[in-house]
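One structure is given below, encoded as structure tokens.
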Amino acid sequence: MTGKQTEPLTVKSCMKRTVVSIDSTATALDAAALVAKHHIGLLPVVGEAGQLVGVLDVHDLLTLELPDFVKFVSDVDFVHDFGAVETTRPSAAVLSRKVEALMEKPISVDEDAGLLRAYVLMIQRNVHDMPVVSKGGRLIGIISRVDIAAAILKMWHKVEKK
Amino acid sequence: MTAAIVLSLFIFAGSLILIFSEKLHRSITAIAAAVLMVTVGRLLGFYSESAALEAVDANTLGLLLGMMILVAMLEPTGFFQYLAVLAARASHGKPVRLFVLLGSITTVLSMFLDNVTTVVLIAPVTILITEILGLSSLPFLIAEALLSNTGGVATLVGDPPNVLIGSAAGLSFNDFLVHSLPIVAVTWTAALLLLRFLFRRELGRRPRSARAVMRLDPAESLDDPTAARRVLIVLAGAIVFFFLHHALHVSPSFVALAAAAAGLVWVRPDLNEVFRRVEWSVLIFFASLFVMVGGLEAAGVMDATVGLLRGLSGVSPHAFGIGLIWIVALLSAVVDNVPITIALIPVIQGLGESGMNIAPLWWALAFGAGFGGNGTLIGSTTNIIVAALSERTRTPITAGEFNRRGLPVMLLTCAVASLLYAALYASLFAR
């Protein structure tokens, strides 16, 4: 093993640096447009100074359309047609709600965090994407389970060759 | 003597105020107050530990526990969901038909099972079905709560006040079928018609997708058909033995506990899961109230009350019974009917000892406690549950929304019950 390989990889090395984020004062409709345009599952929410203040999951947006009554029933196998629910759209009042009222507390990692720490956090908190922040709390990237897995699995290949 | 009366009344009244203010969980308040009652009783010499244990009505607790275990086994099978799906299909998506069917199913279930559990299991599927139809769930949920409260009055096991009254007065399951069921059948029908009228606008709407409910699959909604069948057979057996318990000289609590035992042996469910679903806090609440009221009795509060009520001996027994229906109903509309019932039972027994014919008063107490809970959102736990569930839908039930329907239903059911009570007094109730 070379010295380079034993040095652990950090989140910074494999995160995506271009992050689509949204302002906390934007509306639910703005958020929906961003998600639809970029096909992303998680929108980091930033404050005025670019600091990470929350996250908005696509699920949070979809719950506006499908209230969480489905959770009341332990399984919905027997429902083959959601009928009116399929075509119910959130009201204008709901769509103009501010992102800060809808967002959740962010689960984020530091740019210098190790890959396994990031991966374990994601598994434990049951998230698939996680914002990456600088020491000062500014949003600087985003990392997914796939990003981490790919970075780790690439190392296996190097071991195999030796 | 007077110190005992003052202190025990102070503990009881204080705990009731705490319970109604909901500052503290009612079971925590009750258990703490029961301990305080025994402590004060021992210090002043009017109450003892053994007297407190004797005050706990094992028959009531056994009956509640047995039925809770049976329901706990039935809950995860999906049977309630199955019935609601059948109702939805049978309604062909017609709102009024669905309203009557879901209301009837909830009523029949709550005649034999705990009202709260019934509503907890039926309301979520109701919300799902109404959302699929594109209707507001509000009329359906309010009707389920009100009709289940009303229907529960019909049987000995239908609601907790009846269990208490049955045990204290030695009334059998059949006594309730003879005295209470016919009255409830009439009041329930009146309540249903009134609700149909109050919700005429909501129920007049055409559902956006009536056909979607026809694609609900009943077979798939039943998660565990084998367990469901077995629990239902045991439950049916229990009901047969409820009919016979008086003739066989066994108590209803023995029947319920025997049925629970038979169910556990036959179904062999995950025991931890079953016991997790049993509402221990309700049983503790009851036991603690018994200890507290036992303390009131030992302190001589009930005798003093009966002495005061004797001044009313000039009042005709008809009027006394009807007055009791309304007083208990008005109290039950704003506070929990269980403490009211537990506190009134010794008073009625005291009146009996003073020579009054108290047989009709038990029924007045049952009607008042049962129908009164409909009056306001906070009048019964089922009301609170449907409101809490509806908060997660597009049409939440506010206190105002509820009371506008609950209060008329309460007034109508109490009025109908009072009329029937007066009309049938000599032939049915006074015997």
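Residue numbers start at 1 in each chain; chains themselves are named A, B, ... in the order of the structure tokens; ligands are numbered from 1 in the order shown.
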
Interface list for chain A, partner chain B, 6 Å threshold, only C-alpha atoms, as a ChimeraX atom specification: /A:72,78-85

Tell me which protein, DNA and RNA residues are within 6 Å of Glu111 in chain A, counting only C-alpha atoms, leaving out same-chain ones fewer than 3 positions away, and put them as a ChimeraX atom specification. /A:11-12,132-134

Selection above as a file: C-alpha atoms, as a PDB file, in the first residue's frame:
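Written output follows (part.pdb):
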ATOM      1  CA  VAL A  11     -16.090  14.598   1.637  1.00  0.00           C
ATOM      2  CA  LYS A  12     -14.527  17.551  -0.162  1.00  0.00           C
ATOM      3  CA  VAL A 132     -21.628  19.955   2.732  1.00  0.00           C
ATOM      4  CA  VAL A 133     -20.682  23.063   4.690  1.00  0.00           C
ATOM      5  CA  SER A 134     -17.506  25.013   5.302  1.00  0.00           C
TER       6      SER A 134
END

Residues near Val127 in chain A, cut-off 12 Å, only C-alpha atoms, skip fewer than 2 positions along chain, as a PyMOL selection string: chain A and resi 41-42+55-59+106-108+118-125+129-131+143-146

Go through range 60-144 of chain A and collect every residue that DSSP, computed from the backbone, puts in strand (DSSP E or B); the answer should be as an MDAnalysis selection string. chainID A and resid 79 98 104 109:110 114 129:133 138:144

How about saving the chosen residues, N, CA and C atoms kept, as a short mmCIF file (atom, residue, chain, number, x, y, z; two decimals), in the first residue's frame?
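Result file selection21.cif:
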data_model
loop_
_atom_site.label_atom_id
_atom_site.label_comp_id
_atom_site.auth_asym_id
_atom_site.auth_seq_id
_atom_site.Cartn_x
_atom_site.Cartn_y
_atom_site.Cartn_z
N VAL A 79 -55.52 -0.23 -1.93
CA VAL A 79 -55.97 0.94 -2.69
C VAL A 79 -55.33 0.90 -4.07
N LYS A 98 -43.97 30.11 2.55
CA LYS A 98 -42.53 30.35 2.48
C LYS A 98 -41.76 29.04 2.73
N GLU A 104 -36.90 21.48 6.72
CA GLU A 104 -36.56 20.72 7.92
C GLU A 104 -35.17 21.13 8.38
N VAL A 109 -22.69 17.70 6.61
CA VAL A 109 -21.34 17.33 7.06
C VAL A 109 -20.37 18.45 6.75
N ASP A 110 -19.31 18.41 7.48
CA ASP A 110 -18.19 19.32 7.29
C ASP A 110 -17.41 18.87 6.06
N GLY A 114 -14.68 12.51 7.03
CA GLY A 114 -14.33 11.30 6.29
C GLY A 114 -15.54 10.75 5.57
N ASP A 129 -29.18 12.40 0.20
CA ASP A 129 -28.28 13.49 -0.17
C ASP A 129 -28.02 14.33 1.07
N MET A 130 -26.83 14.90 1.13
CA MET A 130 -26.51 15.68 2.32
C MET A 130 -25.69 16.91 1.91
N PRO A 131 -26.10 18.10 2.39
CA PRO A 131 -25.33 19.30 2.08
C PRO A 131 -23.97 19.25 2.78
N VAL A 132 -22.96 19.87 2.13
CA VAL A 132 -21.63 19.96 2.73
C VAL A 132 -21.39 21.43 3.07
N VAL A 133 -20.89 21.67 4.29
CA VAL A 133 -20.68 23.06 4.69
C VAL A 133 -19.22 23.32 5.04
N ARG A 138 -21.09 27.84 5.74
CA ARG A 138 -21.59 28.20 4.40
C ARG A 138 -21.79 26.94 3.57
N LEU A 139 -22.82 26.95 2.75
CA LEU A 139 -23.08 25.81 1.87
C LEU A 139 -22.05 25.83 0.75
N ILE A 140 -21.26 24.74 0.63
CA ILE A 140 -20.25 24.73 -0.44
C ILE A 140 -20.39 23.55 -1.38
N GLY A 141 -21.24 22.57 -1.03
CA GLY A 141 -21.40 21.44 -1.95
C GLY A 141 -22.51 20.53 -1.48
N ILE A 142 -22.70 19.44 -2.22
CA ILE A 142 -23.70 18.46 -1.81
C ILE A 142 -23.15 17.08 -2.16
N ILE A 143 -23.46 16.10 -1.33
CA ILE A 143 -22.93 14.78 -1.56
C ILE A 143 -24.06 13.76 -1.44
N SER A 144 -24.02 12.73 -2.30
CA SER A 144 -25.07 11.72 -2.25
C SER A 144 -24.47 10.39 -1.82
#

Would you list the contacts of Glu49 in chain B as a PyMOL selection string, taking every protein, DNA or RNA residue within 10 Å and counting only C-alpha atoms, but skipping same-chain residues closer than 2 positions in sequence? chain B and resi 35+38-39+41-42+47+51-55+291

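Taking CA of Ala31 in chain A as the reference point, CA of Leu62 in chain A is found at 11.3 Å.
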
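For Ala364 in chain B, the set of protein, DNA and RNA residues having any atom at most 10 Å away, when counting only C-alpha atoms and skipping those fewer than 2 positions along the same chain, is Ser180, Phe320, Gly321, Ile322, Gly323, Leu324, Ile325, Trp326, Ile327, Val328, Ala329, Ile358, Ala359, Pro360, Leu361, Trp362, Ala366, Phe367, Gly368, Ala369, Gly370, Ala417, Ser418, Tyr421 and Phe429 of chain B.
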
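Take CA of Ala430 in chain B and CA of Gly373 in chain B: the distance between them is 25.3 Å.
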
Extract the full set of helix (DSSP H, G or I) residues from range 10-143 of chain A according to DSSP on the backbone, and format it as JSON, numbers by chain. {"A": [11, 12, 13, 14, 28, 29, 30, 31, 32, 33, 34, 35, 36, 37, 38, 58, 59, 60, 61, 62, 63, 64, 65, 68, 69, 70, 71, 72, 84, 85, 86, 87, 92, 93, 94, 95, 99, 100, 101, 102, 115, 116, 117, 118, 119, 120, 121, 122, 123, 124]}

Next, write the just-selected residues to a file, as a PDB file, in the first residue's frame, keeping C-alpha atoms as the atom set.
ATOM      1  CA  VAL A  11     -16.090  14.598   1.637  1.00  0.00           C
ATOM      2  CA  LYS A  12     -14.527  17.551  -0.162  1.00  0.00           C
ATOM      3  CA  SER A  13     -12.816  15.222  -2.629  1.00  0.00           C
ATOM      4  CA  CYS A  14     -15.982  13.736  -4.079  1.00  0.00           C
ATOM      5  CA  ALA A  28     -43.209  26.473  -2.213  1.00  0.00           C
ATOM      6  CA  LEU A  29     -44.047  27.120  -5.865  1.00  0.00           C
ATOM      7  CA  ASP A  30     -40.490  28.433  -6.508  1.00  0.00           C
ATOM      8  CA  ALA A  31     -39.086  25.334  -4.846  1.00  0.00           C
ATOM      9  CA  ALA A  32     -41.285  23.061  -6.953  1.00  0.00           C
ATOM     10  CA  ALA A  33     -40.060  24.804 -10.124  1.00  0.00           C
ATOM     11  CA  LEU A  34     -36.405  24.309  -9.145  1.00  0.00           C
ATOM     12  CA  VAL A  35     -36.910  20.623  -8.348  1.00  0.00           C
ATOM     13  CA  ALA A  36     -38.746  20.060 -11.611  1.00  0.00           C
ATOM     14  CA  LYS A  37     -36.120  21.899 -13.658  1.00  0.00           C
ATOM     15  CA  HIS A  38     -33.044  20.220 -12.161  1.00  0.00           C
ATOM     16  CA  VAL A  58     -39.124  16.489  -2.537  1.00  0.00           C
ATOM     17  CA  HIS A  59     -41.238  14.526  -0.089  1.00  0.00           C
ATOM     18  CA  ASP A  60     -41.902  17.716   1.904  1.00  0.00           C
ATOM     19  CA  LEU A  61     -43.234  19.279  -1.280  1.00  0.00           C
ATOM     20  CA  LEU A  62     -45.298  16.263  -2.287  1.00  0.00           C
ATOM     21  CA  THR A  63     -46.953  16.120   1.158  1.00  0.00           C
ATOM     22  CA  LEU A  64     -48.532  19.447   0.261  1.00  0.00           C
ATOM     23  CA  GLU A  65     -50.327  17.568  -2.486  1.00  0.00           C
ATOM     24  CA  ASP A  68     -50.085  12.517   5.349  1.00  0.00           C
ATOM     25  CA  PHE A  69     -53.312  10.655   5.989  1.00  0.00           C
ATOM     26  CA  VAL A  70     -51.835   7.743   4.038  1.00  0.00           C
ATOM     27  CA  LYS A  71     -49.603   7.166   7.042  1.00  0.00           C
ATOM     28  CA  PHE A  72     -52.664   6.448   9.189  1.00  0.00           C
ATOM     29  CA  ALA A  84     -59.618  12.299  -6.479  1.00  0.00           C
ATOM     30  CA  VAL A  85     -56.307  12.442  -4.593  1.00  0.00           C
ATOM     31  CA  GLU A  86     -54.468  11.881  -7.905  1.00  0.00           C
ATOM     32  CA  THR A  87     -55.775  15.113  -9.343  1.00  0.00           C
ATOM     33  CA  ALA A  92     -52.726  28.915  -4.065  1.00  0.00           C
ATOM     34  CA  ALA A  93     -52.402  29.689  -0.363  1.00  0.00           C
ATOM     35  CA  VAL A  94     -50.415  26.494   0.206  1.00  0.00           C
ATOM     36  CA  LEU A  95     -48.197  27.135  -2.827  1.00  0.00           C
ATOM     37  CA  VAL A  99     -39.782  27.754   2.193  1.00  0.00           C
ATOM     38  CA  GLU A 100     -38.653  28.553   5.741  1.00  0.00           C
ATOM     39  CA  ALA A 101     -42.002  27.329   7.029  1.00  0.00           C
ATOM     40  CA  LEU A 102     -41.721  24.044   5.150  1.00  0.00           C
ATOM     41  CA  LEU A 115     -16.395   9.401   3.730  1.00  0.00           C
ATOM     42  CA  LEU A 116     -17.525   6.707   6.136  1.00  0.00           C
ATOM     43  CA  ARG A 117     -18.696   9.246   8.686  1.00  0.00           C
ATOM     44  CA  ALA A 118     -20.771  10.906   5.979  1.00  0.00           C
ATOM     45  CA  TYR A 119     -22.150   7.566   4.777  1.00  0.00           C
ATOM     46  CA  VAL A 120     -23.080   6.337   8.273  1.00  0.00           C
ATOM     47  CA  LEU A 121     -24.818   9.658   9.022  1.00  0.00           C
ATOM     48  CA  MET A 122     -26.872   9.298   5.865  1.00  0.00           C
ATOM     49  CA  ILE A 123     -27.884   5.743   6.690  1.00  0.00           C
ATOM     50  CA  GLN A 124     -28.765   6.536  10.279  1.00  0.00           C
TER      51      GLN A 124
END

Long-range neighbours of range 143-145 of chain B as JSON, numbers by chain, 8 Å cut-off, only C-alpha atoms, 3 positions minimum in chain: {"B": [99, 102, 103, 106, 107, 119, 123, 139, 140, 148, 149, 192, 195, 382, 383, 386]}

CA of Ser172 in chain B and CA of Pro252 in chain B are how many Å apart? 7.8 Å

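In this comparison, which uses only C-alpha atoms, the residue of B:Ser332, B:Thr118, B:Gln349, B:Ser354 approaching Glu75 in chain B most closely is B:Thr118.
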
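Residue nearest Leu257 in chain B, chosen from B:Leu83, B:Leu36, B:Ile284, B:Leu64 and counting only C-alpha atoms: B:Leu64.
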
As a VMD selection string, please: the residues near range 263-270 of chain B (cut-off 7 Å, only C-alpha atoms, same-chain neighbours under 2 positions excluded). chain B and resid 70 227 230 to 231 234 259 to 261 272 to 274
